[in-house]
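Worksheet: the structure to be examined is printed underneath.
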Amino acid sequence: QVQLVESGGGLVQAGGSLRLSCAVSGRILSFSAMAWYRQAPGKQREMVARISDRGRTNYQDSVKDRFTISRDNAKNTVYLEMNSLKPEDTAVYYCNALDFSTHNYWGQGTQVTVSS
């Protein structure tokens, strides 16, 4: 069974940085894409950043030039480097894996809170 475990969330002041990690129980190359989503209170879950098995990345417009998604295939871990954080980045961040049969897997989430 695939398990995704996020870590690295916390409380940070506006302008600060955090790095989220997502450890995957399986080989991340067995997934067509890995992604980070977030969900703020009262809002729908939204995609923040995605990286394909070939390393192609795409980002939500609001985080471009501030967030960077990367993967370490040897460690089966995906990262989200978040810089210049804003209060509107406050949310629970979820790791997502999409396999080649289009099954989605989710982590339990990690809270990111940005104070103004």
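We label chains A, B, ... in the order they appear in the structure tokens, count residues from 1 in each chain, and number ligands from 1 in the order shown.
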Would you list the contacts of Ala74 in chain A as a VMD selection string, taking every protein, DNA or RNA residue within 10 Å and counting only C-alpha atoms, but skipping same-chain residues closer than 6 positions in sequence? chain A and resid 27 to 29
Would you mind exporting all heavy atoms of the selected residues as a CSV table (one decimal), in the first residue's frame?
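What landed in part.csv:
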```
chain,number,residue,atom,x,y,z
A,27,ARG,N,8.5,3.5,-5.0
A,27,ARG,CA,9.4,4.2,-5.8
A,27,ARG,C,8.7,5.3,-6.5
A,27,ARG,O,7.7,5.1,-7.2
A,27,ARG,CB,10.0,3.3,-6.9
A,27,ARG,CG,10.9,2.2,-6.4
A,27,ARG,CD,11.4,1.3,-7.5
A,27,ARG,NE,12.1,2.0,-8.5
A,27,ARG,CZ,11.8,2.2,-9.8
A,27,ARG,NH1,10.6,1.8,-10.2
A,27,ARG,NH2,12.5,2.9,-10.6
A,28,ILE,N,9.2,6.6,-6.3
A,28,ILE,CA,8.4,7.7,-6.9
A,28,ILE,C,8.4,7.7,-8.4
A,28,ILE,O,7.6,8.2,-9.1
A,28,ILE,CB,8.9,9.0,-6.4
A,28,ILE,CG1,10.4,9.3,-6.7
A,28,ILE,CG2,8.7,9.1,-4.9
A,28,ILE,CD1,10.9,10.7,-6.3
A,29,LEU,N,9.4,6.9,-9.0
A,29,LEU,CA,9.4,6.8,-10.5
A,29,LEU,C,8.2,5.9,-11.0
A,29,LEU,O,8.0,5.8,-12.2
A,29,LEU,CB,10.7,6.3,-11.0
A,29,LEU,CG,11.8,7.4,-10.9
A,29,LEU,CD1,13.2,6.8,-11.3
A,29,LEU,CD2,11.5,8.6,-11.8
```
Any chance you could tabulate, as CSV, the residues of range 29-112 of chain A at most 6 Å from range 13-17 of chain A with each one's nearest atom pair and distance in Å to one decimal, using only C-alpha atoms, in chain and rising number order?
```
residue,atom,partner,partner_atom,distance
A:Met82,CA,A:Ser17,CA,5.4
A:Asn83,CA,A:Ser17,CA,4.4
A:Ser84,CA,A:Gly15,CA,4.1
A:Leu85,CA,A:Gly15,CA,4.9
A:Lys86,CA,A:Ala14,CA,5.0
```
Per-residue nearest contacts of range 18-81 of chain A to range 95-108 of chain A (6 Å; only C-alpha atoms) as a tab-separated table:
```
residue	atom	partner	partner_atom	distance
A:Phe31	CA	A:Asp99	CA	4.2
A:Ser32	CA	A:Asp99	CA	5.3
A:Ala33	CA	A:Leu98	CA	5.4
A:Met34	CA	A:Ala97	CA	4.6
A:Ala35	CA	A:Asn96	CA	5.0
A:Trp36	CA	A:Cys95	CA	4.8
```
Any chance you could list, as a PDB file with N, CA and C atoms, in the first residue's frame, the residues in range 8-76 of chain A that come up strand (DSSP E or B) when DSSP is run on the backbone?
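Dumped everything to result_37.pdb:
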```
ATOM      1  N   GLY A  10       4.894  24.321   9.643  1.00  0.00           N
ATOM      2  CA  GLY A  10       5.096  25.059  10.881  1.00  0.00           C
ATOM      3  C   GLY A  10       4.614  26.482  10.779  1.00  0.00           C
ATOM      4  N   LEU A  11       5.022  27.268  11.751  1.00  0.00           N
ATOM      5  CA  LEU A  11       4.658  28.685  11.822  1.00  0.00           C
ATOM      6  C   LEU A  11       5.857  29.526  11.400  1.00  0.00           C
ATOM      7  N   VAL A  12       5.625  30.449  10.497  1.00  0.00           N
ATOM      8  CA  VAL A  12       6.705  31.304  10.008  1.00  0.00           C
ATOM      9  C   VAL A  12       6.161  32.704   9.775  1.00  0.00           C
ATOM     10  N   GLN A  13       7.018  33.697   9.908  1.00  0.00           N
ATOM     11  CA  GLN A  13       6.592  35.072   9.628  1.00  0.00           C
ATOM     12  C   GLN A  13       6.562  35.330   8.131  1.00  0.00           C
ATOM     13  N   LEU A  18      10.089  27.959   4.236  1.00  0.00           N
ATOM     14  CA  LEU A  18       9.917  26.608   4.765  1.00  0.00           C
ATOM     15  C   LEU A  18      10.199  25.623   3.639  1.00  0.00           C
ATOM     16  N   ARG A  19      10.627  24.426   4.029  1.00  0.00           N
ATOM     17  CA  ARG A  19      10.765  23.347   3.061  1.00  0.00           C
ATOM     18  C   ARG A  19       9.944  22.157   3.528  1.00  0.00           C
ATOM     19  N   LEU A  20       8.999  21.775   2.691  1.00  0.00           N
ATOM     20  CA  LEU A  20       8.183  20.598   2.970  1.00  0.00           C
ATOM     21  C   LEU A  20       8.804  19.381   2.312  1.00  0.00           C
ATOM     22  N   SER A  21       8.655  18.249   2.974  1.00  0.00           N
ATOM     23  CA  SER A  21       9.127  16.980   2.430  1.00  0.00           C
ATOM     24  C   SER A  21       7.989  15.983   2.390  1.00  0.00           C
ATOM     25  N   CYS A  22       8.019  15.114   1.400  1.00  0.00           N
ATOM     26  CA  CYS A  22       7.030  14.053   1.270  1.00  0.00           C
ATOM     27  C   CYS A  22       7.783  12.760   1.006  1.00  0.00           C
ATOM     28  N   ALA A  23       7.783  11.892   1.996  1.00  0.00           N
ATOM     29  CA  ALA A  23       8.434  10.595   1.853  1.00  0.00           C
ATOM     30  C   ALA A  23       7.419   9.582   1.349  1.00  0.00           C
ATOM     31  N   VAL A  24       7.785   8.885   0.290  1.00  0.00           N
ATOM     32  CA  VAL A  24       6.890   7.932  -0.364  1.00  0.00           C
ATOM     33  C   VAL A  24       7.345   6.518  -0.067  1.00  0.00           C
ATOM     34  N   PHE A  31       5.273   6.566 -10.301  1.00  0.00           N
ATOM     35  CA  PHE A  31       4.147   7.485 -10.432  1.00  0.00           C
ATOM     36  C   PHE A  31       4.378   8.425 -11.609  1.00  0.00           C
ATOM     37  N   SER A  32       3.306   8.731 -12.302  1.00  0.00           N
ATOM     38  CA  SER A  32       3.442   9.622 -13.451  1.00  0.00           C
ATOM     39  C   SER A  32       3.705  11.050 -13.005  1.00  0.00           C
ATOM     40  N   ALA A  33       3.236  11.397 -11.822  1.00  0.00           N
ATOM     41  CA  ALA A  33       3.462  12.749 -11.324  1.00  0.00           C
ATOM     42  C   ALA A  33       3.345  12.776  -9.808  1.00  0.00           C
ATOM     43  N   MET A  34       4.080  13.693  -9.218  1.00  0.00           N
ATOM     44  CA  MET A  34       3.951  14.000  -7.800  1.00  0.00           C
ATOM     45  C   MET A  34       3.574  15.468  -7.696  1.00  0.00           C
ATOM     46  N   ALA A  35       2.787  15.781  -6.692  1.00  0.00           N
ATOM     47  CA  ALA A  35       2.322  17.164  -6.584  1.00  0.00           C
ATOM     48  C   ALA A  35       2.112  17.564  -5.132  1.00  0.00           C
ATOM     49  N   TRP A  36       2.062  18.854  -4.944  1.00  0.00           N
ATOM     50  CA  TRP A  36       1.655  19.436  -3.666  1.00  0.00           C
ATOM     51  C   TRP A  36       0.357  20.204  -3.891  1.00  0.00           C
ATOM     52  N   TYR A  37      -0.587  19.962  -3.013  1.00  0.00           N
ATOM     53  CA  TYR A  37      -1.844  20.695  -2.989  1.00  0.00           C
ATOM     54  C   TYR A  37      -1.936  21.401  -1.647  1.00  0.00           C
ATOM     55  N   ARG A  38      -2.853  22.341  -1.565  1.00  0.00           N
ATOM     56  CA  ARG A  38      -3.120  22.979  -0.281  1.00  0.00           C
ATOM     57  C   ARG A  38      -4.602  23.283  -0.146  1.00  0.00           C
ATOM     58  N   GLN A  39      -5.018  23.362   1.096  1.00  0.00           N
ATOM     59  CA  GLN A  39      -6.409  23.690   1.377  1.00  0.00           C
ATOM     60  C   GLN A  39      -6.468  24.620   2.565  1.00  0.00           C
ATOM     61  N   GLU A  46      -6.466  23.035  -3.711  1.00  0.00           N
ATOM     62  CA  GLU A  46      -5.933  23.510  -4.980  1.00  0.00           C
ATOM     63  C   GLU A  46      -4.522  23.010  -5.205  1.00  0.00           C
ATOM     64  N   MET A  47      -4.190  22.807  -6.452  1.00  0.00           N
ATOM     65  CA  MET A  47      -2.849  22.363  -6.803  1.00  0.00           C
ATOM     66  C   MET A  47      -1.882  23.526  -6.672  1.00  0.00           C
ATOM     67  N   VAL A  48      -0.754  23.276  -6.044  1.00  0.00           N
ATOM     68  CA  VAL A  48       0.266  24.299  -5.866  1.00  0.00           C
ATOM     69  C   VAL A  48       1.411  24.094  -6.857  1.00  0.00           C
ATOM     70  N   ALA A  49       1.898  22.862  -6.930  1.00  0.00           N
ATOM     71  CA  ALA A  49       3.028  22.556  -7.814  1.00  0.00           C
ATOM     72  C   ALA A  49       2.996  21.077  -8.155  1.00  0.00           C
ATOM     73  N   ARG A  50       3.495  20.761  -9.360  1.00  0.00           N
ATOM     74  CA  ARG A  50       3.509  19.380  -9.822  1.00  0.00           C
ATOM     75  C   ARG A  50       4.817  19.108 -10.537  1.00  0.00           C
ATOM     76  N   ILE A  51       5.300  17.886 -10.387  1.00  0.00           N
ATOM     77  CA  ILE A  51       6.491  17.461 -11.125  1.00  0.00           C
ATOM     78  C   ILE A  51       6.219  16.092 -11.722  1.00  0.00           C
ATOM     79  N   SER A  52       6.485  15.957 -13.014  1.00  0.00           N
ATOM     80  CA  SER A  52       6.226  14.699 -13.694  1.00  0.00           C
ATOM     81  C   SER A  52       7.378  13.719 -13.475  1.00  0.00           C
ATOM     82  N   THR A  57       7.913  20.498 -14.561  1.00  0.00           N
ATOM     83  CA  THR A  57       7.214  21.123 -13.435  1.00  0.00           C
ATOM     84  C   THR A  57       6.193  22.128 -13.916  1.00  0.00           C
ATOM     85  N   ASN A  58       5.173  22.320 -13.133  1.00  0.00           N
ATOM     86  CA  ASN A  58       4.253  23.429 -13.347  1.00  0.00           C
ATOM     87  C   ASN A  58       3.714  23.888 -11.996  1.00  0.00           C
ATOM     88  N   TYR A  59       3.351  25.161 -11.946  1.00  0.00           N
ATOM     89  CA  TYR A  59       2.996  25.825 -10.698  1.00  0.00           C
ATOM     90  C   TYR A  59       1.716  26.626 -10.839  1.00  0.00           C
ATOM     91  N   PHE A  67       7.967  29.376  -5.025  1.00  0.00           N
ATOM     92  CA  PHE A  67       8.001  27.979  -4.617  1.00  0.00           C
ATOM     93  C   PHE A  67       8.750  27.153  -5.671  1.00  0.00           C
ATOM     94  N   THR A  68       9.420  26.116  -5.203  1.00  0.00           N
ATOM     95  CA  THR A  68      10.108  25.202  -6.107  1.00  0.00           C
ATOM     96  C   THR A  68       9.840  23.765  -5.675  1.00  0.00           C
ATOM     97  N   ILE A  69       9.346  22.963  -6.609  1.00  0.00           N
ATOM     98  CA  ILE A  69       9.143  21.548  -6.348  1.00  0.00           C
ATOM     99  C   ILE A  69      10.322  20.780  -6.926  1.00  0.00           C
ATOM    100  N   SER A  70      10.754  19.763  -6.187  1.00  0.00           N
ATOM    101  CA  SER A  70      11.858  18.942  -6.663  1.00  0.00           C
ATOM    102  C   SER A  70      11.667  17.523  -6.150  1.00  0.00           C
ATOM    103  N   ARG A  71      12.455  16.613  -6.683  1.00  0.00           N
ATOM    104  CA  ARG A  71      12.339  15.228  -6.276  1.00  0.00           C
ATOM    105  C   ARG A  71      13.717  14.608  -6.160  1.00  0.00           C
ATOM    106  N   ASP A  72      13.862  13.718  -5.211  1.00  0.00           N
ATOM    107  CA  ASP A  72      15.083  12.934  -5.058  1.00  0.00           C
ATOM    108  C   ASP A  72      14.671  11.486  -5.258  1.00  0.00           C
TER     109      ASP A  72
END
```
Can you tell me how far CA of Pro87 in chain A sits from CA of Gln111 in chain A, in Å to one decimal?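 Taking CA of Pro87 in chain A and CA of Gln111 in chain A, their separation equals 12.9 Å.
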Taken to one decimal, the CA of Ala91 in chain A-CA of Arg54 in chain A distance is 28.2 Å
For Gly42 in chain A, which residue out of A:Val78, A:Val63, A:Val2, A:Val92 is the nearest one, using only C-alpha atoms?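 So, comparing all the options, the nearest one is A:Val92.
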Which distance in Å separates CA of Gln3 in chain A and CA of Ser30 in chain A, to one decimal?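 Going from CA of Gln3 in chain A over to CA of Ser30 in chain A covers 13.2 Å.
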